[in-house]
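Chemist: Pasting data.cif here (mmCIF, C-alpha atoms):
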data_entry
#
loop_
_atom_site.group_PDB
_atom_site.id
_atom_site.type_symbol
_atom_site.label_atom_id
_atom_site.label_comp_id
_atom_site.auth_asym_id
_atom_site.auth_seq_id
_atom_site.Cartn_x
_atom_site.Cartn_y
_atom_site.Cartn_z
ATOM 1 C CA MET A 1 10.082 11.314 8.429
ATOM 2 C CA VAL A 2 7.571 8.457 8.107
ATOM 3 C CA ASP A 3 5.849 9.595 11.285
ATOM 4 C CA GLU A 4 4.363 12.746 9.740
ATOM 5 C CA PRO A 5 2.331 11.092 6.959
ATOM 6 C CA ARG A 6 1.345 8.273 9.294
ATOM 7 C CA ASP A 7 0.118 10.717 11.931
ATOM 8 C CA LEU A 8 -1.832 12.654 9.312
ATOM 9 C CA PHE A 9 -3.432 9.443 8.095
ATOM 10 C CA LEU A 10 -4.314 8.264 11.599
ATOM 11 C CA THR A 11 -6.032 11.573 12.349
ATOM 12 C CA GLY A 12 -8.172 11.396 9.209
ATOM 13 C CA ARG A 13 -6.298 14.023 7.223
ATOM 14 C CA TYR A 14 -6.067 11.788 4.156
ATOM 15 C CA ALA A 15 -5.366 14.432 1.503
ATOM 16 C CA GLU A 16 -2.503 15.845 3.559
ATOM 17 C CA ALA A 17 -1.194 12.363 4.290
ATOM 18 C CA ALA A 18 -1.269 11.485 0.583
ATOM 19 C CA LYS A 19 0.816 14.569 -0.226
ATOM 20 C CA ALA A 20 3.271 13.699 2.542
ATOM 21 C CA TYR A 21 3.587 10.161 1.186
ATOM 22 C CA GLU A 22 4.285 11.597 -2.278
ATOM 23 C CA LYS A 23 7.227 13.530 -0.837
ATOM 24 C CA LEU A 24 8.493 10.331 0.782
ATOM 25 C CA GLU A 25 8.407 8.360 -2.480
ATOM 26 C CA SER A 26 12.006 8.970 -3.581
ATOM 27 C CA GLN A 27 13.485 7.903 -0.224
ATOM 28 C CA GLN A 28 11.104 5.103 0.783
ATOM 29 C CA PRO A 29 9.081 4.064 -2.273
ATOM 30 C CA VAL A 30 7.466 0.985 -0.740
ATOM 31 C CA VAL A 31 6.322 2.796 2.396
ATOM 32 C CA ALA A 32 5.044 5.637 0.229
ATOM 33 C CA ALA A 33 3.108 3.311 -2.087
ATOM 34 C CA ILE A 34 1.458 1.504 0.805
ATOM 35 C CA GLY A 35 0.634 4.755 2.573
ATOM 36 C CA GLN A 36 -0.812 6.259 -0.590
ATOM 37 C CA ALA A 37 -2.904 3.143 -1.184
ATOM 38 C CA ARG A 38 -4.276 3.305 2.349
ATOM 39 C CA CYS A 39 -5.199 6.951 1.815
ATOM 40 C CA ASP A 40 -6.948 5.968 -1.414
ATOM 41 C CA VAL A 41 -8.888 3.198 0.336
ATOM 42 C CA ALA A 42 -9.876 5.534 3.161
ATOM 43 C CA THR A 43 -11.415 7.899 0.622
ATOM 44 C CA GLY A 44 -13.138 5.188 -1.409
ATOM 45 C CA LYS A 45 -10.655 5.087 -4.282
ATOM 46 C CA TYR A 46 -10.183 1.325 -4.329
ATOM 47 C CA ASP A 47 -9.236 1.125 -8.011
ATOM 48 C CA ALA A 48 -6.548 3.787 -7.557
ATOM 49 C CA ALA A 49 -5.204 1.933 -4.533
ATOM 50 C CA LEU A 50 -5.085 -1.324 -6.452
ATOM 51 C CA SER A 51 -3.370 0.150 -9.495
ATOM 52 C CA GLY A 52 -0.820 2.016 -7.352
ATOM 53 C CA LEU A 53 0.048 -1.122 -5.418
ATOM 54 C CA LYS A 54 0.317 -3.212 -8.577
ATOM 55 C CA ARG A 55 2.657 -0.614 -10.062
ATOM 56 C CA ALA A 56 4.763 -0.696 -6.874
ATOM 57 C CA CYS A 57 4.753 -4.493 -7.016
ATOM 58 C CA GLN A 58 6.186 -4.379 -10.543
ATOM 59 C CA GLU A 59 8.877 -1.928 -9.432
ATOM 60 C CA HIS A 60 9.720 -3.822 -6.224
ATOM 61 C CA PRO A 61 8.668 -7.438 -6.872
ATOM 62 C CA LYS A 62 10.760 -8.880 -4.032
ATOM 63 C CA ASP A 63 9.212 -6.756 -1.278
ATOM 64 C CA ALA A 64 6.799 -8.877 0.752
ATOM 65 C CA ARG A 65 5.099 -5.807 2.245
ATOM 66 C CA ILE A 66 3.566 -4.842 -1.083
ATOM 67 C CA HIS A 67 2.261 -8.365 -1.694
ATOM 68 C CA ALA A 68 0.765 -8.398 1.797
ATOM 69 C CA GLU A 69 -0.931 -5.049 1.236
ATOM 70 C CA LEU A 70 -2.282 -6.257 -2.105
ATOM 71 C CA ALA A 71 -3.643 -9.347 -0.344
ATOM 72 C CA ARG A 72 -5.392 -7.192 2.223
ATOM 73 C CA LEU A 73 -6.939 -4.975 -0.437
ATOM 74 C CA CYS A 74 -8.072 -7.931 -2.552
ATOM 75 C CA LEU A 75 -9.630 -9.534 0.513
ATOM 76 C CA GLN A 76 -11.542 -6.321 1.255
ATOM 77 C CA ARG A 77 -12.807 -6.341 -2.309
ATOM 78 C CA GLY A 78 -13.944 -9.972 -2.054
ATOM 79 C CA GLU A 79 -11.292 -11.198 -4.475
ATOM 80 C CA HIS A 80 -10.351 -14.227 -2.426
ATOM 81 C CA GLU A 81 -8.335 -16.104 -5.018
ATOM 82 C CA SER A 82 -6.191 -13.056 -5.808
ATOM 83 C CA ALA A 83 -5.797 -12.376 -2.103
ATOM 84 C CA GLN A 84 -4.548 -15.919 -1.523
ATOM 85 C CA ASN A 85 -2.062 -15.603 -4.379
ATOM 86 C CA PHE A 86 -0.653 -12.411 -2.871
ATOM 87 C CA VAL A 87 -0.528 -13.990 0.602
ATOM 88 C CA ASP A 88 1.397 -16.940 -0.798
ATOM 89 C CA ALA A 89 3.841 -14.599 -2.560
ATOM 90 C CA ALA A 90 4.313 -12.504 0.588
ATOM 91 C CA VAL A 91 4.995 -15.541 2.744
ATOM 92 C CA LYS A 92 7.429 -16.967 0.206
ATOM 93 C CA LEU A 93 9.338 -13.673 -0.015
ATOM 94 C CA ASP A 94 9.405 -13.146 3.748
ATOM 95 C CA ARG A 95 11.165 -16.426 4.478
#
So that I can check it, write out the structure of this file as structure tokens.
Modeler:
Amino acid sequence: MVDEPRDLFLTGRYAEAAKAYEKLESQQPVVAAIGQARCDVATGKYDAALSGLKRACQEHPKDARIHAELARLCLQRGEHESAQNFVDAAVKLDR
């Protein structure tokens, strides 16, 4: 089930991938949030990606994958201190 949105994303079909990730949200919310954020980034919607990931982080605060994705996005945006904070949280949760 995760393969379809991932394949759509990898072939540049971002709008279709985003819709597929929406359908995946109830079964795999973390995967869906990360996938949606990556679709947003790919289409230049950095603020939407950041807000979606922060919302997912509030809903699933103990999932290291979200913190890691937030770190990556913050690093891309040049927000090094925030990125480091998210890296530290991800590492702590993944132990």
Chemist: So, with only C-alpha atoms as the atoms that count, which of A:Arg95, A:His80, A:His67, A:Lys19 lies closest to Lys54 in chain A?
Modeler: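 Going through A:Arg95, A:His80, A:His67, A:Lys19 one by one, the smallest distance to Lys54 in chain A is for A:His67.
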Chemist: If you apply the PyMOL selection byres ((chain A and resi 63) around 9) to this file, what residues do you get, as a list in words?
Modeler: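 So the PyMOL selection byres ((chain A and resi 63) around 9), applied here, picks out Val30, Cys57, His60, Pro61, Lys62, Ala64, Arg65, Ile66, His67, Ala90, Leu93 and Asp94 of chain A.
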Chemist: Apply the PyMOL selection byres ((chain A and resi 24) around 12) to the file shown and report the selected residues as JSON, numbers by chain.
Modeler: {"A": [1, 2, 3, 4, 5, 6, 17, 18, 19, 20, 21, 22, 23, 25, 26, 27, 28, 29, 30, 31, 32, 33, 34, 35, 36]}
Chemist: Counting all atoms listed in the file, figure out which residue out of A:Val41, A:Leu50, A:Val91, A:Thr11 gets nearest to Glu79 in chain A.
Modeler: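 The shortest atom-to-atom distance to Glu79 in chain A comes from A:Leu50.
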Chemist: Using all atoms listed in the file, which residue out of A:Asp7, A:Asp40, A:Ala71, A:Asp47 lies closest to Asp88 in chain A?
Modeler: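 Smallest distance to Asp88 in chain A is found for A:Ala71.
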Chemist: What does the distance between CA of Asn85 in chain A and CA of Thr43 in chain A come to in Å, to one decimal place?
Modeler: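 Separation between CA of Asn85 in chain A and CA of Thr43 in chain A: 25.8 Å.
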